[in-house]
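Colleague: So that you have it, the file is start_26.txt, and it contains compact mmCIF, C-alpha atoms and all ligand atoms:
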# COMPACT_ATOMS: atom_id res chain seq x y z
CA MET A 63 124.64 102.04 -57.20
CA GLN A 64 124.48 102.03 -60.98
CA PRO A 65 121.32 103.56 -62.42
CA LEU A 66 119.37 101.12 -64.61
CA HIS A 67 119.20 102.26 -68.20
CA GLU A 68 117.32 100.64 -71.07
CA GLN A 69 120.76 100.00 -72.51
CA ALA A 70 122.76 97.51 -70.42
CA ARG A 71 126.53 97.70 -70.78
CA VAL A 72 128.80 94.72 -70.19
CA VAL A 73 132.58 94.30 -70.20
CA VAL A 74 133.66 90.78 -71.15
CA GLY A 75 137.28 89.75 -70.71
CA HIS A 76 138.96 87.07 -72.83
CA LEU A 77 141.68 85.43 -70.74
CA VAL A 78 144.91 85.99 -72.67
CA ASP A 79 147.42 84.47 -70.27
CA THR A 80 148.02 83.56 -66.64
CA ARG A 81 151.42 83.92 -65.01
CA PHE A 82 152.53 82.67 -61.63
CA PHE A 83 155.26 84.29 -59.61
CA THR A 84 156.28 82.11 -56.68
CA VAL A 85 159.00 82.64 -54.09
CA ILE A 86 159.03 79.94 -51.40
CA VAL A 87 155.69 80.61 -49.66
CA TYR A 88 154.63 83.73 -51.55
CA SER A 89 152.66 83.22 -54.74
CA ARG A 90 151.08 85.77 -57.04
CA GLU A 91 148.87 85.04 -60.02
CA THR A 92 148.64 87.62 -62.80
CA ARG A 93 145.91 87.30 -65.40
CA ARG A 94 145.73 89.40 -68.51
CA PHE A 95 142.44 89.93 -70.33
CA ALA A 96 141.50 91.37 -73.71
CA LEU A 97 138.34 93.39 -73.06
CA THR A 98 135.24 93.58 -75.23
CA HIS A 99 132.61 96.24 -74.47
CA LEU A 100 129.07 95.16 -75.30
CA ALA A 101 125.71 96.92 -75.06
CA PHE A 102 122.28 95.30 -74.99
CA ARG A 103 118.78 96.70 -74.98
CA ARG A 104 116.84 95.49 -71.95
CA PRO A 105 113.50 93.75 -72.65
CA ALA A 106 110.31 95.56 -71.62
CA ALA A 107 109.51 92.76 -69.14
CA GLY A 108 111.09 89.52 -67.96
CA ALA A 109 114.51 88.46 -69.22
CA ASP A 110 116.07 87.86 -72.63
CA VAL A 111 119.13 85.91 -73.71
CA ALA A 112 121.16 87.98 -76.16
CA GLU A 113 124.01 86.83 -78.38
CA ALA A 114 127.29 88.59 -78.95
CA HIS A 115 130.78 87.71 -80.08
CA CYS A 116 134.07 87.97 -78.27
CA GLY A 117 136.22 90.71 -79.76
CA GLU A 118 139.37 88.62 -79.25
CA CYS A 119 138.51 85.11 -80.49
CA GLY A 120 135.12 85.67 -82.13
CA ARG A 121 133.40 82.95 -80.12
CA GLU A 122 129.71 83.25 -79.38
CA LEU A 123 128.79 84.69 -75.99
CA LEU A 124 125.37 84.47 -74.37
CA VAL A 125 124.23 87.22 -72.05
CA ARG A 126 121.01 87.08 -70.03
CA VAL A 127 119.59 90.58 -69.66
CA ARG A 128 116.78 91.31 -67.21
CA SER A 129 114.27 94.11 -67.66
CA VAL A 130 114.55 97.19 -65.46
CA ALA A 131 111.54 96.07 -63.37
CA ASP A 132 112.95 92.55 -62.88
CA THR A 133 116.36 93.92 -61.89
CA LYS A 134 114.72 96.21 -59.33
CA ARG A 135 112.86 93.19 -57.94
CA VAL A 136 116.13 91.22 -57.62
CA ARG A 137 117.79 94.24 -55.96
CA GLY A 138 114.84 94.46 -53.56
CA ARG A 139 115.32 90.80 -52.62
CA TYR A 140 119.03 91.39 -51.87
CA LEU A 141 118.15 94.48 -49.84
CA ALA A 142 115.58 92.55 -47.80
CA VAL A 143 118.15 89.84 -47.00
CA ALA A 144 120.76 92.48 -46.10
CA LEU A 145 118.37 94.31 -43.78
CA ALA A 146 117.27 91.03 -42.18
CA GLY A 147 120.92 90.10 -41.55
CA ALA A 148 121.65 93.54 -40.06
CA ALA A 149 118.50 93.32 -37.91
CA VAL A 150 119.49 89.87 -36.61
CA ALA A 151 123.01 91.10 -35.75
CA ALA A 152 121.68 94.29 -34.10
CA GLY A 153 119.05 92.30 -32.21
CA ALA A 154 121.74 89.93 -30.94
CA VAL A 155 123.84 92.87 -29.72
CA VAL A 156 120.90 94.51 -27.93
CA PHE A 157 119.65 91.24 -26.44
CA GLY A 158 123.16 90.18 -25.41
CA SER A 159 123.81 93.50 -23.69
CA LEU A 160 120.53 93.46 -21.75
CA VAL A 161 120.56 89.82 -20.55
CA TYR A 162 123.42 87.95 -18.91
CA LEU A 163 124.14 85.05 -21.27
CA PRO A 164 126.94 82.60 -20.44
CA LEU A 165 128.31 80.85 -23.54
CA ALA A 166 127.69 77.46 -21.90
CA ASP A 167 124.00 78.28 -22.15
CA PRO A 168 122.31 77.20 -25.44
CA LEU A 169 120.66 80.64 -25.68
CA GLY A 170 124.05 82.31 -25.29
CA LYS A 171 125.45 80.21 -28.15
CA LEU A 172 122.42 81.06 -30.29
CA VAL A 173 122.84 84.80 -29.72
CA LEU A 174 126.56 84.59 -30.54
CA ILE A 175 125.85 82.61 -33.75
CA ALA A 176 123.12 85.10 -34.73
CA PHE A 177 125.57 87.97 -34.30
CA LEU A 178 128.41 86.24 -36.18
CA ALA A 179 126.13 85.08 -39.03
CA GLY A 180 124.09 88.27 -39.35
CA LEU A 181 127.02 90.55 -40.16
CA PRO A 182 128.45 88.66 -43.17
CA VAL A 183 124.94 88.00 -44.54
CA ALA A 184 124.22 91.75 -44.34
CA GLY A 185 127.58 92.59 -45.92
CA VAL A 186 127.40 90.16 -48.84
CA ALA A 187 123.72 90.80 -49.61
CA GLY A 188 124.25 94.57 -49.29
CA TRP A 189 127.17 94.40 -51.72
CA LEU A 190 125.08 92.39 -54.20
CA TRP A 191 122.18 94.85 -53.79
CA TRP A 192 124.54 97.73 -54.55
CA ARG A 193 126.14 96.10 -57.61
CA GLU A 194 123.32 94.02 -59.19
CA ASP A 195 122.70 95.15 -62.76
CA GLY A 196 120.52 92.28 -64.00
CA VAL A 197 123.06 91.02 -66.55
CA ARG A 198 124.68 87.55 -66.49
CA LEU A 199 127.36 86.22 -68.78
CA MET A 200 126.49 82.65 -69.72
CA SER A 201 128.46 79.91 -71.43
CA ALA A 202 127.32 79.22 -74.99
CA THR A 203 128.68 75.64 -74.93
CA GLY A 204 126.84 74.47 -71.82
CA ASP A 205 130.15 73.78 -70.05
CA ARG A 206 131.85 76.23 -67.77
CA ASP A 207 133.81 78.60 -70.03
CA ARG A 208 137.06 79.55 -68.26
CA GLU A 209 138.22 81.80 -71.12
CA HIS A 210 135.50 84.45 -70.98
CA TRP A 211 134.93 86.44 -67.83
CA ARG A 212 132.50 89.13 -66.82
CA MET A 213 134.81 91.92 -65.67
CA ASP A 214 132.36 94.58 -64.42
CA ALA A 215 130.29 92.34 -62.14
CA PRO A 216 130.44 92.56 -58.29
CA LEU A 217 133.27 90.02 -58.59
CA PRO A 218 134.77 88.84 -61.91
CA TYR A 219 133.36 85.43 -62.85
CA ALA A 220 133.80 82.94 -65.67
CA ALA A 221 130.89 82.34 -68.04
CA ARG A 222 128.53 79.82 -66.44
CA PRO A 223 126.15 77.39 -68.16
ZN ZN A 301 137.23 85.16 -76.61
Can you present the structure in this file as structure tokens?

Modeller:
Amino acid sequence: MQPLHEQARVVVGHLVDTRFFTVIVYSRETRRFALTHLAFRRPAAGADVAEAHCGECGRELLVRVRSVADTKRVRGRYLAVALAGAAVAAGAVVFGSLVYLPLADPLGKLVLIAFLAGLPVAGVAGWLWWREDGVRLMSATGDRDREHWRMDAPLPYAARP
């Protein structure tokens, strides 16, 4: 997990080109980005929207930066969801191993669904808890900006309104 500093660092990618390589059923997409490294001071409390400019095209970028306390609160929320998902999955395993539950039974279906749903919830929320840094790249135009991507987020994503 990244430690939360007063200075938040962001890597924004400007999409330079996309190439497709396709052979019958196999297809590979290659995207090339020009990277811009940005740093923002976190606010003392709450969240701020900071402006910056893309190093490649010069367009305005908006970045929402949360304070350290707010980011810890968001991380805590993800952790609570992850632990709840893990507890539901573990509870389903324990309950299912102690009681005979045929799948035709509604309770058996419920325990199976709880097990199957609890694991991905725990995994996704745990991943977000681990990677959340309280910084969001936003679109300055209000539309979805497909050219500018946040590269150092849990998953790369295009700038959102
Ligand atoms: Zn750009």

Colleague: Quick one: which chain A residues come within 6 Å of ligand ZN 301 (chain A), and what is the nearest atom pair for each with the distance in Å to one decimal, counting only C-alpha atoms and all ligand atoms, rows ordered by chain and ascending number, as a tab-separated table?

Modeller:
residue	atom	partner	partner_atom	distance
A:His76	CA	A:ZN301	ZN	4.6
A:Cys116	CA	A:ZN301	ZN	4.5
A:Glu118	CA	A:ZN301	ZN	4.8
A:Cys119	CA	A:ZN301	ZN	4.1
A:Gly120	CA	A:ZN301	ZN	5.9
A:Arg121	CA	A:ZN301	ZN	5.6
A:His210	CA	A:ZN301	ZN	5.9

Colleague: For the atom pair atom CA of Arg139 of chain A and atom CA of Trp192 of chain A, what is the interatomic distance in Å to one decimal place?

Modeller: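 Atom CA of Arg139 of chain A sits 11.7 Å away from atom CA of Trp192 of chain A.
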
Colleague: For Leu172 of chain A, please output as a list of chain:residue names all residues within 12 Å (counting only C-alpha atoms; exclusion window: fewer than 5 positions along the same chain).

Modeller: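 These residues fall inside the cut-off: A:Val150, A:Ala151, A:Gly153, A:Ala154, A:Val155, A:Phe157, A:Gly158, A:Leu163, A:Pro164, A:Leu165, A:Ala166, A:Asp167, A:Phe177, A:Leu178, A:Ala179, A:Gly180.
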
Colleague: Smallest atom-to-atom distance to Trp191 of chain A: which of A:Arg206, A:Arg94, A:Lys134, A:Arg212, using only C-alpha atoms?

Modeller: A:Lys134

Colleague: Please list as a list of chain:residue names every residue within 8 Å of Ala114 of chain A, counting all atoms listed in the file and excluding residues in the same chain fewer than 3 positions away.

Modeller: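 Using all atoms listed in the file, the neighbours found are A:Leu100, A:Glu122, A:Leu123, A:Leu124, A:Val125.
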
Colleague: Nearest to Leu199 of chain A among A:Leu181, A:Ile86, A:Ala131, A:Ala220, with distances taken over only C-alpha atoms: which residue is it?

Modeller: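 Selected residue with least distance to Leu199 of chain A: A:Ala220.
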
Colleague: Atom CA of Val87 of chain A to atom CA of Pro182 of chain A: how many Å, to one decimal?

Modeller: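 Separation between atom CA of Val87 of chain A and atom CA of Pro182 of chain A: 29.1 Å.
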
Colleague: From the set A:Ala96, A:Val156, A:Leu190, A:Ala106, which residue has the shortest atom-to-atom contact distance to Leu217 of chain A, counting all atoms listed in the file?

Modeller: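 For Leu217 of chain A, the nearest of the given residues is A:Leu190.
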
Colleague: Can you measure atom CA of Ala184 of chain A to atom CA of Leu141 of chain A for me? One decimal in Å is fine.

Modeller: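 Result for atom CA of Ala184 of chain A versus atom CA of Leu141 of chain A: 8.6 Å, one decimal.
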
Colleague: Show me, as a list in words, the residues that have an atom within 8 Å of Arg81 of chain A when counting all atoms listed in the file, minus same-chain residues fewer than 2 positions from it.

Modeller: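 Returned residues: Asp79, Phe83, Glu91, Thr92 and Arg93 of chain A.
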
Colleague: Compare A:Ser159, A:Ala176, A:Gly170, A:Tyr88 by their minimum atom-to-atom distance to Ala146 of chain A, counting all atoms listed in the file, and give me the closest one.

Modeller: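 Of all the options, A:Ala176 lies closest to Ala146 of chain A.
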
Colleague: Which residue out of A:Ala202, A:Leu97, A:Val85, A:Ala152 has the minimum interatomic distance to Val73 of chain A when all atoms listed in the file are used?

Modeller: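 For Val73 of chain A, the nearest of the candidates is A:Leu97.
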
Colleague: Skipping near chain neighbours, those fewer than 4 positions away, what residues fall within 12 Å of segment 127-130 of chain A using all atoms listed in the file, listed as a ChimeraX atom specification?

Modeller: /A:64-72,100-113,134-137,194-200

Colleague: Given the selection you just returned, output its residues as a file containing C-alpha atoms, formatted as a PDB file, in the coordinates of the input.

Modeller:
ATOM      1  CA  GLN A  64     124.480 102.030 -60.980  1.00  0.00           C
ATOM      2  CA  PRO A  65     121.320 103.560 -62.420  1.00  0.00           C
ATOM      3  CA  LEU A  66     119.370 101.120 -64.610  1.00  0.00           C
ATOM      4  CA  HIS A  67     119.200 102.260 -68.200  1.00  0.00           C
ATOM      5  CA  GLU A  68     117.320 100.640 -71.070  1.00  0.00           C
ATOM      6  CA  GLN A  69     120.760 100.000 -72.510  1.00  0.00           C
ATOM      7  CA  ALA A  70     122.760  97.510 -70.420  1.00  0.00           C
ATOM      8  CA  ARG A  71     126.530  97.700 -70.780  1.00  0.00           C
ATOM      9  CA  VAL A  72     128.800  94.720 -70.190  1.00  0.00           C
ATOM     10  CA  LEU A 100     129.070  95.160 -75.300  1.00  0.00           C
ATOM     11  CA  ALA A 101     125.710  96.920 -75.060  1.00  0.00           C
ATOM     12  CA  PHE A 102     122.280  95.300 -74.990  1.00  0.00           C
ATOM     13  CA  ARG A 103     118.780  96.700 -74.980  1.00  0.00           C
ATOM     14  CA  ARG A 104     116.840  95.490 -71.950  1.00  0.00           C
ATOM     15  CA  PRO A 105     113.500  93.750 -72.650  1.00  0.00           C
ATOM     16  CA  ALA A 106     110.310  95.560 -71.620  1.00  0.00           C
ATOM     17  CA  ALA A 107     109.510  92.760 -69.140  1.00  0.00           C
ATOM     18  CA  GLY A 108     111.090  89.520 -67.960  1.00  0.00           C
ATOM     19  CA  ALA A 109     114.510  88.460 -69.220  1.00  0.00           C
ATOM     20  CA  ASP A 110     116.070  87.860 -72.630  1.00  0.00           C
ATOM     21  CA  VAL A 111     119.130  85.910 -73.710  1.00  0.00           C
ATOM     22  CA  ALA A 112     121.160  87.980 -76.160  1.00  0.00           C
ATOM     23  CA  GLU A 113     124.010  86.830 -78.380  1.00  0.00           C
ATOM     24  CA  LYS A 134     114.720  96.210 -59.330  1.00  0.00           C
ATOM     25  CA  ARG A 135     112.860  93.190 -57.940  1.00  0.00           C
ATOM     26  CA  VAL A 136     116.130  91.220 -57.620  1.00  0.00           C
ATOM     27  CA  ARG A 137     117.790  94.240 -55.960  1.00  0.00           C
ATOM     28  CA  GLU A 194     123.320  94.020 -59.190  1.00  0.00           C
ATOM     29  CA  ASP A 195     122.700  95.150 -62.760  1.00  0.00           C
ATOM     30  CA  GLY A 196     120.520  92.280 -64.000  1.00  0.00           C
ATOM     31  CA  VAL A 197     123.060  91.020 -66.550  1.00  0.00           C
ATOM     32  CA  ARG A 198     124.680  87.550 -66.490  1.00  0.00           C
ATOM     33  CA  LEU A 199     127.360  86.220 -68.780  1.00  0.00           C
ATOM     34  CA  MET A 200     126.490  82.650 -69.720  1.00  0.00           C
TER      35      MET A 200
END

Colleague: Can you tell me, as JSON, the centre and edge lengths (Å, one decimal) of the axis-aligned box enclosing all of segment 74-88 of chain A's listed atoms after padding each side by 5 Å?

Modeller:
{"center_x": 146.3, "center_y": 85.4, "center_z": -61.2, "size_x": 35.4, "size_y": 20.8, "size_z": 33.2}

Colleague: Would you mind telling me which residue in A:Val183, A:Met63, A:Val74, A:Ala215 lies nearest to Gly147 of chain A when using all atoms listed in the file?

Modeller: A:Val183
